[in-house]
Each structure stands twice: as C-alpha cells, then as structure tokens.
$ cat run36.cif   # mmCIF, C-alpha atoms and all ligand atoms
data_entry
loop_
_atom_site.label_atom_id
_atom_site.label_comp_id
_atom_site.auth_asym_id
_atom_site.auth_seq_id
_atom_site.Cartn_x
_atom_site.Cartn_y
_atom_site.Cartn_z
CA MET T 1 -52.99 4.69 27.95
CA GLN T 2 -51.13 7.36 25.99
CA THR T 3 -47.68 6.07 25.15
CA SER T 4 -47.11 8.21 22.08
CA PHE T 5 -45.26 11.51 21.61
CA LEU T 6 -45.48 14.62 23.78
CA GLY T 7 -47.95 16.43 21.52
CA ASP T 8 -50.30 13.43 21.63
CA VAL T 9 -50.22 13.48 25.42
CA VAL T 10 -51.19 17.17 25.40
CA VAL T 11 -54.16 16.67 23.06
CA THR T 12 -55.34 13.81 25.30
CA THR T 13 -56.07 16.21 28.18
CA PRO T 14 -59.73 16.88 27.17
CA LEU T 15 -60.34 13.10 27.33
CA ILE T 16 -58.56 12.89 30.69
CA GLU T 17 -60.64 15.76 32.08
CA ALA T 18 -63.91 14.22 30.84
CA LEU T 19 -63.02 10.89 32.47
CA ALA T 20 -61.97 12.60 35.72
CA ARG T 21 -65.56 13.79 36.11
CA ARG T 22 -66.54 10.08 36.39
CA GLY T 23 -63.78 8.77 38.61
CA ALA T 24 -60.05 8.56 39.28
CA VAL T 25 -57.82 8.71 36.19
CA ASP T 26 -54.36 7.15 36.06
CA VAL T 27 -52.33 7.91 32.95
CA ALA T 28 -49.65 5.64 31.49
CA ALA T 29 -47.25 7.67 29.34
CA ARG T 30 -43.72 7.30 28.06
CA GLN T 31 -41.00 8.73 30.23
CA ASP T 32 -40.05 11.64 27.95
CA ALA T 33 -43.63 12.95 27.81
CA ALA T 34 -45.23 12.07 31.17
CA ALA T 35 -43.75 15.10 32.97
CA ILE T 36 -46.05 17.45 31.06
CA LEU T 37 -48.94 16.12 33.19
CA THR T 38 -47.17 16.72 36.52
CA GLY T 39 -49.60 18.39 38.90
CA HIS T 40 -52.52 18.18 36.44
CA PRO T 41 -55.65 18.24 38.62
CA ALA T 42 -57.42 15.60 36.50
CA VAL T 43 -54.65 13.00 36.89
CA ARG T 44 -54.51 10.83 40.02
CA THR T 45 -51.38 8.84 39.17
CA LEU T 46 -48.81 9.13 36.41
CA VAL T 47 -47.48 5.71 35.43
CA VAL T 48 -44.23 6.09 33.51
CA TYR T 49 -43.76 3.44 30.84
CA ASP T 50 -40.21 3.70 29.49
CA LYS T 51 -40.98 1.34 26.63
CA ARG T 52 -37.69 1.94 24.78
CA GLY T 53 -35.50 1.95 27.90
CA ALA T 54 -35.88 0.51 31.41
CA ASP T 55 -39.27 -1.08 30.64
CA ARG T 56 -38.29 -2.57 27.28
CA GLY T 57 -39.47 -6.07 26.37
CA VAL T 58 -41.96 -8.45 27.94
CA GLY T 59 -40.39 -8.13 31.41
CA GLY T 60 -40.88 -4.36 31.36
CA LEU T 61 -44.45 -4.72 30.12
CA VAL T 62 -45.27 -7.07 33.02
CA ARG T 63 -43.58 -4.75 35.55
CA VAL T 64 -45.59 -1.72 34.40
CA ALA T 65 -48.79 -3.80 34.36
CA ARG T 66 -48.10 -4.73 38.00
CA ARG T 67 -47.68 -1.05 38.89
CA ILE T 68 -51.10 -0.30 37.36
CA ARG T 69 -52.72 -3.29 39.08
CA ALA T 70 -51.47 -1.95 42.43
CA LEU T 71 -53.52 1.24 42.02
CA PRO T 72 -56.93 1.34 43.73
CA ALA T 73 -59.80 0.50 41.36
CA GLU T 74 -63.10 0.27 43.18
CA GLY T 75 -65.81 -0.72 40.73
CA GLY T 76 -63.38 -2.03 38.11
CA ARG T 77 -60.80 -0.67 35.77
CA VAL T 78 -61.45 0.72 32.27
CA ALA T 79 -58.63 1.40 29.80
CA TYR T 80 -59.02 4.09 27.14
CA MET T 81 -56.49 3.43 24.40
CA ALA T 82 -55.39 6.87 23.24
CA GLN T 83 -52.55 5.19 21.35
CA GLY T 84 -53.32 2.23 19.12
CA SER T 85 -50.29 -0.02 19.47
CA PRO T 86 -50.75 -3.72 20.29
CA ARG T 87 -48.13 -3.34 23.06
CA SER T 88 -50.21 -0.69 24.86
CA ALA T 89 -53.33 -2.82 24.40
CA ALA T 90 -51.50 -5.82 25.87
CA LEU T 91 -50.45 -3.63 28.80
CA ALA T 92 -54.09 -2.73 29.49
CA TRP T 93 -55.06 -6.41 29.39
CA LEU T 94 -52.19 -7.48 31.66
CA ALA T 95 -53.04 -4.65 34.05
CA GLY T 96 -56.47 -6.18 34.63
CA CYS T 97 -58.54 -3.58 32.80
CA GLY T 98 -61.79 -5.48 32.23
CA THR T 99 -63.04 -2.95 29.69
CA ARG T 100 -60.66 -1.76 26.96
CA VAL T 101 -61.83 0.96 24.57
CA GLY T 102 -59.95 1.78 21.36
CA PHE T 103 -60.30 2.90 17.77
CA ASP T 104 -61.38 0.68 14.90
CA THR T 105 -58.28 1.66 12.90
CA SER T 106 -55.91 -0.17 15.27
CA ARG T 107 -55.88 -3.43 13.29
CA GLN T 108 -53.52 -5.48 15.46
CA ALA T 109 -54.53 -3.94 18.78
CA ARG T 110 -58.28 -4.27 18.39
CA ALA T 111 -58.18 -7.97 19.25
CA PHE T 112 -57.59 -6.76 22.82
CA TYR T 113 -60.47 -4.26 22.78
CA THR T 114 -63.85 -4.94 24.36
CA ARG T 115 -65.36 -1.77 22.84
CA VAL T 116 -64.41 -0.31 19.47
CA VAL T 117 -65.00 3.34 18.55
CA ALA T 118 -65.06 4.67 14.97
CA TYR T 119 -62.01 6.83 14.15
CA ASP T 120 -63.28 9.95 12.40
CA PRO T 121 -60.48 11.23 10.14
CA ALA T 122 -62.30 14.54 9.59
CA ARG T 123 -62.07 15.65 13.22
CA HIS T 124 -59.25 17.20 15.22
CA HIS T 125 -57.37 14.53 17.17
CA ALA T 126 -58.37 16.10 20.50
CA ALA T 127 -62.02 15.57 19.51
CA ARG T 128 -61.33 12.04 18.23
CA LEU T 129 -59.72 11.11 21.54
CA LEU T 130 -62.60 12.62 23.49
CA SER T 131 -64.97 10.41 21.47
CA LEU T 132 -63.42 7.37 23.19
CA ALA T 133 -65.23 8.42 26.35
CA ALA T 134 -68.59 8.75 24.56
CA ALA T 135 -68.78 11.88 26.71
CA THR T 136 -71.67 14.31 26.87
CA GLU T 137 -68.98 17.01 26.52
CA ASP T 138 -68.40 15.73 22.97
CA ALA T 139 -71.26 17.21 21.00
CA GLY T 140 -69.50 16.58 17.70
CA GLY T 141 -68.69 20.25 17.18
CA GLU T 142 -65.49 22.22 17.65
CA ALA T 143 -62.41 20.49 18.96
CA PRO T 144 -61.97 20.84 22.71
CA ALA T 145 -58.90 22.82 23.75
CA PRO T 146 -56.30 20.88 25.70
CA ARG T 147 -55.21 22.25 29.08
CA LEU T 148 -51.97 22.18 31.01
CA VAL T 149 -51.37 23.52 34.49
CA PRO T 150 -47.91 24.96 35.12
CA GLY T 151 -47.16 25.57 38.81
CA ASP T 152 -45.09 27.90 40.98
CA ALA T 153 -41.79 26.27 40.02
CA GLU T 154 -42.47 26.83 36.32
CA ARG T 155 -43.58 30.43 36.89
CA SER T 156 -40.40 31.20 38.87
CA ALA T 157 -38.18 29.61 36.22
CA VAL T 158 -39.84 31.64 33.46
CA ASP T 159 -39.70 34.87 35.50
CA ALA T 160 -35.95 34.41 35.82
CA LEU T 161 -35.49 33.59 32.15
CA LEU T 162 -37.59 36.47 30.83
CA ALA T 163 -35.58 38.96 32.89
CA GLU T 164 -33.16 38.65 29.96
CA VAL T 165 -35.59 40.16 27.39
CA ARG T 166 -37.65 43.35 27.34
CA GLY T 167 -41.18 43.91 26.09
CA PRO T 168 -43.62 41.61 24.32
CA PHE T 169 -42.12 38.63 22.58
CA VAL T 170 -42.80 36.09 19.85
CA ALA T 171 -41.75 32.50 20.57
CA VAL T 172 -40.34 30.40 17.74
CA ALA T 173 -39.93 26.61 17.83
CA PRO T 174 -37.66 25.56 14.94
CA GLY T 175 -37.23 21.90 15.91
CA SER T 176 -39.06 18.67 15.09
CA VAL T 177 -38.31 14.98 15.47
CA TRP T 178 -39.01 14.65 11.74
CA ALA T 179 -36.38 16.36 9.57
CA THR T 180 -38.71 17.28 6.68
CA LYS T 181 -41.00 19.16 9.10
CA ARG T 182 -38.23 21.61 10.05
CA TRP T 183 -38.92 24.79 8.07
CA PRO T 184 -35.47 26.17 7.12
CA TYR T 185 -35.98 29.96 7.29
CA TYR T 186 -36.41 30.70 11.01
CA PRO T 187 -33.28 32.94 11.12
CA ALA T 188 -34.72 35.25 8.44
CA LEU T 189 -38.12 35.19 10.17
CA GLY T 190 -36.51 36.09 13.50
CA ALA T 191 -34.70 39.02 11.89
CA ALA T 192 -37.98 40.24 10.34
CA LEU T 193 -39.96 40.04 13.58
CA ALA T 194 -37.25 41.44 15.86
CA ALA T 195 -38.13 45.01 14.83
CA SER T 196 -41.45 44.83 16.70
CA HIS T 197 -41.04 41.95 19.16
CA ALA T 198 -38.29 40.21 21.06
CA VAL T 199 -37.77 36.66 19.78
CA VAL T 200 -37.51 33.72 22.19
CA VAL T 201 -36.43 30.35 20.79
CA VAL T 202 -38.03 27.35 22.52
CA GLY T 203 -37.12 23.69 22.24
CA GLY T 204 -35.02 20.96 23.77
CA PRO T 205 -31.25 20.73 24.15
CA GLY T 206 -31.06 19.14 20.68
CA ASP T 207 -32.39 22.35 19.12
CA ARG T 208 -29.50 24.53 20.28
CA GLU T 209 -27.81 24.72 16.89
CA LEU T 210 -31.05 25.86 15.25
CA ALA T 211 -31.44 28.44 18.03
CA GLU T 212 -27.91 29.79 17.59
CA ALA T 213 -28.58 30.50 13.91
CA ILE T 214 -31.71 32.49 14.84
CA ILE T 215 -29.93 34.45 17.58
CA ALA T 216 -27.10 35.28 15.17
CA ALA T 217 -29.58 36.67 12.61
CA CYS T 218 -31.31 39.01 15.09
CA PRO T 219 -29.99 42.38 16.32
CA PRO T 220 -28.03 42.14 19.60
CA GLY T 221 -30.30 41.90 22.65
CA ARG T 222 -33.46 41.17 20.62
CA ALA T 223 -33.42 37.36 20.81
CA LEU T 224 -33.08 34.81 23.59
CA ASP T 225 -32.18 31.13 23.39
CA ALA T 226 -34.44 29.26 25.82
CA THR T 227 -33.76 25.80 24.35
CA GLY T 228 -32.91 23.22 26.99
CA ARG T 229 -33.38 25.74 29.81
CA LEU T 230 -36.91 24.87 30.92
CA SER T 231 -38.86 21.76 31.81
CA LEU T 232 -41.73 20.75 29.50
CA LEU T 233 -44.24 22.49 31.76
CA GLY T 234 -41.89 25.45 32.03
CA SER T 235 -41.97 25.73 28.24
CA ALA T 236 -45.77 25.76 28.41
CA GLU T 237 -45.59 28.61 30.94
CA LEU T 238 -43.19 30.51 28.68
CA LEU T 239 -45.57 30.08 25.74
CA ARG T 240 -48.46 31.28 27.89
CA ARG T 241 -46.73 34.64 28.10
CA ALA T 242 -45.86 34.90 24.38
CA ALA T 243 -47.83 37.12 22.01
CA LEU T 244 -47.57 34.40 19.36
CA LEU T 245 -45.80 31.12 18.71
CA VAL T 246 -44.41 30.34 15.24
CA THR T 247 -43.74 26.61 15.03
CA ASN T 248 -43.49 23.58 12.80
CA ASP T 249 -46.20 20.92 12.96
CA SER T 250 -44.85 19.57 16.24
CA ALA T 251 -45.44 19.45 20.01
CA PRO T 252 -45.01 23.20 20.80
CA GLN T 253 -48.20 24.07 18.89
CA HIS T 254 -50.13 21.79 21.29
CA LEU T 255 -48.42 23.36 24.31
CA ALA T 256 -49.54 26.77 23.00
CA SER T 257 -53.11 25.48 22.49
CA ALA T 258 -53.10 24.21 26.08
CA VAL T 259 -52.20 27.64 27.52
CA GLY T 260 -54.38 29.73 25.17
CA THR T 261 -51.61 31.32 23.09
CA PRO T 262 -52.22 31.64 19.33
CA ALA T 263 -49.85 29.67 17.12
CA LEU T 264 -48.86 30.08 13.49
CA THR T 265 -48.06 26.51 12.49
CA ILE T 266 -45.99 25.79 9.39
CA PHE T 267 -47.05 22.62 7.59
CA GLY T 268 -44.80 20.97 4.97
CA PRO T 269 -45.18 17.25 4.27
CA THR T 270 -48.22 17.14 6.56
CA VAL T 271 -51.46 19.17 6.51
CA PRO T 272 -53.81 20.57 9.18
CA GLU T 273 -56.53 18.21 7.89
CA PHE T 274 -54.71 15.33 9.62
CA GLY T 275 -56.26 16.72 12.79
CA PHE T 276 -53.29 18.13 14.67
CA GLY T 277 -53.54 21.88 14.01
CA PRO T 278 -53.37 24.64 16.64
CA LEU T 279 -56.53 25.30 18.66
CA ALA T 280 -56.08 28.55 20.61
CA PRO T 281 -58.18 31.48 19.33
CA GLY T 282 -56.33 33.56 16.74
CA SER T 283 -54.20 30.63 15.53
CA ARG T 284 -53.29 30.27 11.84
CA THR T 285 -51.55 27.82 9.57
CA ALA T 286 -49.09 28.19 6.69
CA GLY T 287 -48.26 25.80 3.85
CA VAL T 288 -47.54 25.65 0.11
CA ASP T 289 -50.84 25.20 -1.72
CA GLY T 290 -51.21 23.32 -4.99
CA LEU T 291 -48.27 20.95 -4.52
CA ALA T 292 -49.40 17.59 -5.89
CA CYS T 293 -47.06 15.55 -3.66
CA ARG T 294 -48.39 17.15 -0.46
CA PRO T 295 -49.14 15.60 2.00
CA CYS T 296 -46.78 12.68 1.56
CA ASP T 297 -46.56 11.10 5.00
CA PRO T 298 -48.61 11.01 8.20
CA HIS T 299 -45.62 12.22 10.26
CA GLY T 300 -43.07 13.68 7.85
CA PRO T 301 -40.39 11.49 6.28
CA ALA T 302 -36.70 11.71 7.24
CA ARG T 303 -35.97 12.85 3.67
CA CYS T 304 -38.13 14.23 0.90
CA PRO T 305 -38.93 11.16 -1.22
CA LEU T 306 -38.78 13.38 -4.34
CA GLY T 307 -35.56 15.10 -3.32
CA HIS T 308 -36.73 18.70 -3.88
CA TRP T 309 -38.45 19.42 -0.53
CA ARG T 310 -40.54 22.11 -2.21
CA CYS T 311 -43.21 21.96 0.52
CA MET T 312 -40.82 23.80 2.83
CA ARG T 313 -38.27 25.47 0.54
CA GLU T 314 -41.00 27.37 -1.34
CA LEU T 315 -42.56 28.81 1.81
CA SER T 316 -40.59 32.05 2.14
CA ALA T 317 -39.65 33.92 5.31
CA GLU T 318 -41.44 36.99 3.92
CA ALA T 319 -44.70 35.05 3.50
CA VAL T 320 -44.52 33.59 7.02
CA ALA T 321 -43.55 36.97 8.52
CA ALA T 322 -46.62 38.55 6.86
CA LEU T 323 -48.85 35.83 8.34
CA ALA T 324 -47.21 36.33 11.75
CA ARG T 325 -47.80 40.09 11.62
CA GLY T 326 -51.45 39.44 10.74
CA ALA T 327 -51.80 37.06 13.66
CA LEU T 328 -50.14 39.57 15.99
CA ALA T 329 -52.46 42.32 14.81
CA GLY T 330 -55.50 40.12 15.43
CA ALA T 331 -54.28 38.49 18.61
CA ALA T 332 -55.35 39.56 22.05
CA PRO T 333 -52.69 41.63 23.84
CA ALA T 334 -49.92 39.54 25.31
CA ASP T 335 -49.82 39.14 29.09
CA PRO T 336 -46.16 39.34 30.04
CA ALA T 337 -46.99 39.14 33.73
CA PRO T 338 -46.80 35.95 35.78
CA SER T 339 -50.12 34.24 36.38
CA PRO T 340 -51.64 34.73 39.86
S1 LIG T 401 -42.70 14.71 -1.35
FE1 LIG T 401 -43.61 16.76 -1.40
S2 LIG T 401 -44.72 16.91 0.56
FE2 LIG T 401 -43.25 15.21 0.77
S3 LIG T 401 -41.39 16.11 1.66
FE3 LIG T 401 -41.16 16.17 -0.59
S4 LIG T 401 -41.91 18.18 -1.20
FE4 LIG T 401 -42.66 17.78 0.87
#
$ encode --input "run36.cif" --output "structure tokens" --more "lines below"
Ligand code: SF4
Amino acid sequence: MQTSFLGDVVVTTPLIEALARRGAVDVAARQDAAAILTGHPAVRTLVVYDKRGADRGVGGLVRVARRIRALPAEGGRVAYMAQGSPRSAALAWLAGCGTRVGFDTSRQARAFYTRVVAYDPARHHAARLLSLAAATEDAGGEAPAPRLVPGDAERSAVDALLAEVRGPFVAVAPGSVWATKRWPYYPALGAALAASHAVVVVGGPGDRELAEAIIAACPPGRALDATGRLSLLGSAELLRRAALLVTNDSAPQHLASAVGTPALTIFGPTVPEFGFGPLAPGSRTAGVDGLACRPCDPHGPARCPLGHWRCMRELSAEAVAALARGALAGAAPADPAPSP
C-alpha cells in the first residue's frame, strides 16, 4: 500500500523488489503516481486508488478493497503499509489482508496493524521502507537504490525529443508541489551551465511557466522545454541520459536515483537528514547552512512562516552552478545513447 506522492512510490521499489522474491506483489497507489510502476518486473498488479477522485469516500474504499480481494492470494495476503494513513490501513483490512505491517509512528493507523516496525528517523526512507519486510537484503547499511524500468515506448519518445538538442545535457527540475521548495534562480543557473552543456527542463504541464523563464535566459538553441511532453516513465528515461540533474527536494531526484543519474538536490525548508536525499553515485546536496529556522516543516510550507524565505533566497545561482560543475567533473561520462 503506497498511496502517497510520486517520489514515495519510487523509493518504495526496493521494498517491492525484496517482497517479489517471496511471492506475487500487488501495489495499490494513487492514480497520479501509479503509472511510474508500469511494466516494473517486480509488480504483478497495479491497483489504482484514486482517493481524491473516483474512489473518494467510503464507497470508493470498499470498491478498491473488492478489486484487491479479487486478486489471487494463495497462502494468504500480507499488507505492507508504506504510507501510514488510517484510510490506507482500513483499505488493507477491508481487502482481507490477514497480516498488516506498518510503522510505529502511524498513531491512528496502527490500530489496524498486526505487526509494528520501528521507524528509524536516521535512515534514508528507502531503507526505512525496506525494513518493513524484515528482509535479509536490509543489513542496516547504505540505503538501497530504487529502480525503475522504462520500456521501448519511453525510449522512442525520448529519442524523438532529444533530436532537438545536441551534445551532453544537464536536466533541471524547477517545480515542486510545495511553493517554498521551489528555488528561484533556475534561469540564472541555466544560463551559467549552457556554456558547457545543453539544458533540458523536466516537469509536468504545470511547470511550463518556470521552464519558459529558463529557456529565455539561455542562449538560443541551448535549452529545451520538456515539461508536459513525456510520461512519468519517459521522464525517468530522459533523466537516465542526462549528465546531471539539478532539482529541488522533490520527485525528480528519486527518478534520477532510480536510473543511476547523479542529482544535485537543492534543500530549503527541508534537509537531507529527513531521509529523502538523492542516492545515485556522484549525487550532492545544496542548502544554506547555519540558518536557525531550518528545517521548518517536514514537507515545505506554502509560505515562509517568517516571511523572509532566506533558506532559498540566500542560495545563489553562482554557488549552485559551482556545485553542479563539481558534480559534472566527478560524474561518470553521460550516455546519450538509447539503452539496448
Ligand atoms: S522559516 Fe526558514 S526554513 Fe522555513 S521557509 Fe522560512 S526561511 Fe525557509
């Protein structure tokens, strides 16, 4: 059960893969994130739970539970609660999952759990989620890298899109659901990096305005707006071919981790210690050190509660460009070719 945001679904893939070595794995995910697992070899069935739309309310919960009950389950059904909401826990119970495993921090949901696992705040979230399985793969060490599996359709779509740029490229992802996590200097960063690399802007249709500002700041022909032009898995395939991703603390950093591309993640109101940093080799993080108010929120508030937003405003384009150049110098050579 992973009914949280896209990035959470991506960092759940090590857990899914560990469980797939024991038996069939069906994944319940919200409708705007489930598509990222399309064709994933560890997933038997994707159960879309549109909890804010078509499956809203008790009627929707019962309908989705029926869909899960209809799936084969020889030897019983175990639910691993990768998201700690009481609604998801109720879904597992209604779906006939005799064993329900979740974290001890889920105060309201844990009444539904038959096994409770300690939530270790010091670990990366991918490792925390893997601990739900009590898997032998989880030796308590480094966080396991997530994995996504783009297919032929994604490769073709990215081939066509990248025909519009020449040479190695840096991807930038200026968007975020949370306004205070959107670093404001991507146009200046794009202009600084365009001398050595093409710049490709990734994101959803809602990020188009941010992309246009970056394109306008770069020399003609050196930047490409890919926002809204690829599926979620297509975006992962695009990132697989990038030399580096520069991103806010949001889903694209997890897509990059899942395809082995280093990310430079910019943290403002949040910090890497929350357990959601980038995992691909060569990845780095950026943030304003020594700010007493930081971090101020587990996700990033809609507005800076202090009004000054220094955690982002004081992180200059020059500083981030220098970190990006360092990452590019240390990164393995980009592979602009399609995968076999
Ligand atoms: S309170 Fe501090 S950490 Fe939070 S948004 Fe404002 S400047 Fe950033």
$ atom_distance --input "run36.cif" --atom1 "CA of Gly260 (chain T)" --atom2 "CA of Ala217 (chain T)"
28.7 Å
$ closest_atom_pairs --input "run36.cif" --of "chain T" --to "ligand LIG 401 (chain T)" --cutoff "12 Å" --atoms "only C-alpha atoms and all ligand atoms" --output "Markdown table"
| residue | atom | partner | partner_atom | distance |
| --- | --- | --- | --- | --- |
| T:Trp178 | CA | T:LIG401 | S3 | 10.5 |
| T:Ala179 | CA | T:LIG401 | S3 | 9.4 |
| T:Thr180 | CA | T:LIG401 | S3 | 5.8 |
| T:Lys181 | CA | T:LIG401 | S3 | 8.1 |
| T:Arg182 | CA | T:LIG401 | S3 | 10.5 |
| T:Trp183 | CA | T:LIG401 | FE4 | 10.7 |
| T:Phe267 | CA | T:LIG401 | S2 | 9.4 |
| T:Gly268 | CA | T:LIG401 | FE4 | 5.6 |
| T:Pro269 | CA | T:LIG401 | S2 | 3.8 |
| T:Thr270 | CA | T:LIG401 | S2 | 7.0 |
| T:Val271 | CA | T:LIG401 | S2 | 9.3 |
| T:Gly287 | CA | T:LIG401 | S2 | 10.1 |
| T:Val288 | CA | T:LIG401 | S2 | 9.2 |
| T:Asp289 | CA | T:LIG401 | S2 | 10.6 |
| T:Gly290 | CA | T:LIG401 | FE1 | 10.7 |
| T:Leu291 | CA | T:LIG401 | FE1 | 7.0 |
| T:Ala292 | CA | T:LIG401 | FE1 | 7.4 |
| T:Cys293 | CA | T:LIG401 | FE1 | 4.3 |
| T:Arg294 | CA | T:LIG401 | S2 | 3.8 |
| T:Pro295 | CA | T:LIG401 | S2 | 4.8 |
| T:Cys296 | CA | T:LIG401 | FE2 | 4.4 |
| T:Asp297 | CA | T:LIG401 | FE2 | 6.8 |
| T:Pro298 | CA | T:LIG401 | FE2 | 10.1 |
| T:His299 | CA | T:LIG401 | FE2 | 10.2 |
| T:Gly300 | CA | T:LIG401 | S3 | 6.9 |
| T:Pro301 | CA | T:LIG401 | S3 | 6.6 |
| T:Ala302 | CA | T:LIG401 | S3 | 8.5 |
| T:Arg303 | CA | T:LIG401 | S3 | 6.6 |
| T:Cys304 | CA | T:LIG401 | S3 | 3.8 |
| T:Pro305 | CA | T:LIG401 | S1 | 5.2 |
| T:Leu306 | CA | T:LIG401 | S1 | 5.1 |
| T:Gly307 | CA | T:LIG401 | FE3 | 6.3 |
| T:His308 | CA | T:LIG401 | S4 | 5.9 |
| T:Trp309 | CA | T:LIG401 | S4 | 3.7 |
| T:Arg310 | CA | T:LIG401 | S4 | 4.3 |
| T:Cys311 | CA | T:LIG401 | FE4 | 4.2 |
| T:Met312 | CA | T:LIG401 | FE4 | 6.6 |
| T:Arg313 | CA | T:LIG401 | S4 | 8.3 |
| T:Glu314 | CA | T:LIG401 | S4 | 9.2 |
| T:Leu315 | CA | T:LIG401 | S4 | 11.1 |
$ closest_residue --input "run36.cif" --among "T:Leu230, T:Ala70, T:Leu279, T:Met81" --to "Thr3 (chain T)" --atoms "all atoms listed in the file"
T:Met81
$ atom_distance --input "run36.cif" --atom1 "CA of Val200 (chain T)" --atom2 "CA of Pro146 (chain T)"
23.0 Å
$ residues_around --input "run36.cif" --residues "Ser88 (chain T)" --least-positions-apart "5" --cutoff "9 Å" --atoms "all atoms listed in the file" --output "short mmCIF file (atom, residue, chain, number, x, y, z; two decimals) with C-alpha atoms, in the coordinates of the input"
data_model
loop_
_atom_site.label_atom_id
_atom_site.label_comp_id
_atom_site.auth_asym_id
_atom_site.auth_seq_id
_atom_site.Cartn_x
_atom_site.Cartn_y
_atom_site.Cartn_z
CA MET T 1 -52.99 4.69 27.95
CA GLN T 2 -51.13 7.36 25.99
CA THR T 3 -47.68 6.07 25.15
CA LEU T 61 -44.45 -4.72 30.12
CA MET T 81 -56.49 3.43 24.40
CA GLN T 83 -52.55 5.19 21.35
CA TRP T 93 -55.06 -6.41 29.39
CA ALA T 109 -54.53 -3.94 18.78
#
$ residues_around --input "run36.cif" --residues "Leu91 (chain T)" --least-positions-apart "2" --cutoff "8 Å" --atoms "all atoms listed in the file" --output "JSON, numbers by chain"
{"T": [61, 62, 64, 65, 87, 88, 89, 93, 94, 95]}
$ residues_near_point --input "run36.cif" --point "(-61.8, -9.1, 21.3)" --cutoff "12 Å" --atoms "only C-alpha atoms" --output "list of chain:residue names"
T:Ala89, T:Ala90, T:Trp93, T:Gly98, T:Thr99, T:Arg100, T:Val101, T:Gly102, T:Asp104, T:Arg107, T:Gln108, T:Ala109, T:Arg110, T:Ala111, T:Phe112, T:Tyr113, T:Thr114, T:Arg115, T:Val116
$ write_last_selection --input "run36.cif" --atoms "C-alpha atoms" --output "compact mmCIF listing (two decimals), in the coordinates of the input"
# COMPACT_ATOMS: atom_id res chain seq x y z
CA ALA T 89 -53.33 -2.82 24.40
CA ALA T 90 -51.50 -5.82 25.87
CA TRP T 93 -55.06 -6.41 29.39
CA GLY T 98 -61.79 -5.48 32.23
CA THR T 99 -63.04 -2.95 29.69
CA ARG T 100 -60.66 -1.76 26.96
CA VAL T 101 -61.83 0.96 24.57
CA GLY T 102 -59.95 1.78 21.36
CA ASP T 104 -61.38 0.68 14.90
CA ARG T 107 -55.88 -3.43 13.29
CA GLN T 108 -53.52 -5.48 15.46
CA ALA T 109 -54.53 -3.94 18.78
CA ARG T 110 -58.28 -4.27 18.39
CA ALA T 111 -58.18 -7.97 19.25
CA PHE T 112 -57.59 -6.76 22.82
CA TYR T 113 -60.47 -4.26 22.78
CA THR T 114 -63.85 -4.94 24.36
CA ARG T 115 -65.36 -1.77 22.84
CA VAL T 116 -64.41 -0.31 19.47
$ closest_residue --input "run36.cif" --among "T:Pro72, T:Pro14, T:Pro168, T:Gly53" --to "Asp32 (chain T)" --atoms "only C-alpha atoms"
T:Gly53
$ atom_distance --input "run36.cif" --atom1 "CA of Ala243 (chain T)" --atom2 "CA of Arg128 (chain T)"
28.7 Å
$ closest_residue --input "run36.cif" --among "T:Ala42, T:Ala82, T:His254, T:Gly60" --to "Leu6 (chain T)" --atoms "only C-alpha atoms"
T:His254
$ closest_residue --input "run36.cif" --among "T:Ala171, T:Ala188, T:Ala223, T:Ala317" --to "Pro262 (chain T)" --atoms "only C-alpha atoms"
T:Ala171
$ residues_near_point --input "run36.cif" --point "(-44.7, 39.4, 16.9)" --cutoff "12 Å" --atoms "all atoms listed in the file" --output "PyMOL selection string"
chain T and resi 167-172+189-200+222+242-246+262-264+320-334
$ write_last_selection --input "run36.cif" --atoms "C-alpha atoms" --output "CSV table (one decimal), keeping the file's coordinate frame"
chain,number,residue,atom,x,y,z
T,167,GLY,CA,-41.2,43.9,26.1
T,168,PRO,CA,-43.6,41.6,24.3
T,169,PHE,CA,-42.1,38.6,22.6
T,170,VAL,CA,-42.8,36.1,19.8
T,171,ALA,CA,-41.8,32.5,20.6
T,172,VAL,CA,-40.3,30.4,17.7
T,189,LEU,CA,-38.1,35.2,10.2
T,190,GLY,CA,-36.5,36.1,13.5
T,191,ALA,CA,-34.7,39.0,11.9
T,192,ALA,CA,-38.0,40.2,10.3
T,193,LEU,CA,-40.0,40.0,13.6
T,194,ALA,CA,-37.2,41.4,15.9
T,195,ALA,CA,-38.1,45.0,14.8
T,196,SER,CA,-41.4,44.8,16.7
T,197,HIS,CA,-41.0,42.0,19.2
T,198,ALA,CA,-38.3,40.2,21.1
T,199,VAL,CA,-37.8,36.7,19.8
T,200,VAL,CA,-37.5,33.7,22.2
T,222,ARG,CA,-33.5,41.2,20.6
T,242,ALA,CA,-45.9,34.9,24.4
T,243,ALA,CA,-47.8,37.1,22.0
T,244,LEU,CA,-47.6,34.4,19.4
T,245,LEU,CA,-45.8,31.1,18.7
T,246,VAL,CA,-44.4,30.3,15.2
T,262,PRO,CA,-52.2,31.6,19.3
T,263,ALA,CA,-49.8,29.7,17.1
T,264,LEU,CA,-48.9,30.1,13.5
T,320,VAL,CA,-44.5,33.6,7.0
T,321,ALA,CA,-43.6,37.0,8.5
T,322,ALA,CA,-46.6,38.6,6.9
T,323,LEU,CA,-48.8,35.8,8.3
T,324,ALA,CA,-47.2,36.3,11.8
T,325,ARG,CA,-47.8,40.1,11.6
T,326,GLY,CA,-51.4,39.4,10.7
T,327,ALA,CA,-51.8,37.1,13.7
T,328,LEU,CA,-50.1,39.6,16.0
T,329,ALA,CA,-52.5,42.3,14.8
T,330,GLY,CA,-55.5,40.1,15.4
T,331,ALA,CA,-54.3,38.5,18.6
T,332,ALA,CA,-55.4,39.6,22.0
T,333,PRO,CA,-52.7,41.6,23.8
T,334,ALA,CA,-49.9,39.5,25.3
$ closest_residue --input "run36.cif" --among "T:Arg166, T:Arg147, T:Arg123, T:Arg52" --to "Phe274 (chain T)" --atoms "all atoms listed in the file"
T:Arg123
$ decode --input "run36.cif" --residues "region 70-90 of chain T" --atoms "C-alpha atoms" --output "compact mmCIF listing (two decimals), in the first residue's frame"
# COMPACT_ATOMS: atom_id res chain seq x y z
CA ALA T 70 -10.36 -10.40 -6.39
CA LEU T 71 -6.61 -10.90 -6.92
CA PRO T 72 -5.23 -14.42 -6.37
CA ALA T 73 -3.70 -14.89 -2.92
CA GLU T 74 -2.67 -18.48 -2.30
CA GLY T 75 -1.32 -18.81 1.21
CA GLY T 76 -2.87 -15.57 2.44
CA ARG T 77 -2.46 -11.88 1.89
CA VAL T 78 0.02 -9.61 3.70
CA ALA T 79 -0.20 -5.81 3.51
CA TYR T 80 2.94 -3.69 3.89
CA MET T 81 1.89 -0.16 4.78
CA ALA T 82 4.39 2.08 3.02
CA GLN T 83 2.12 5.02 3.78
CA GLY T 84 0.81 5.48 7.31
CA SER T 85 -2.68 6.87 6.84
CA PRO T 86 -5.63 5.26 8.65
CA ARG T 87 -7.53 5.19 5.33
CA SER T 88 -4.85 3.03 3.69
CA ALA T 89 -4.76 0.79 6.76
CA ALA T 90 -8.55 0.42 6.60
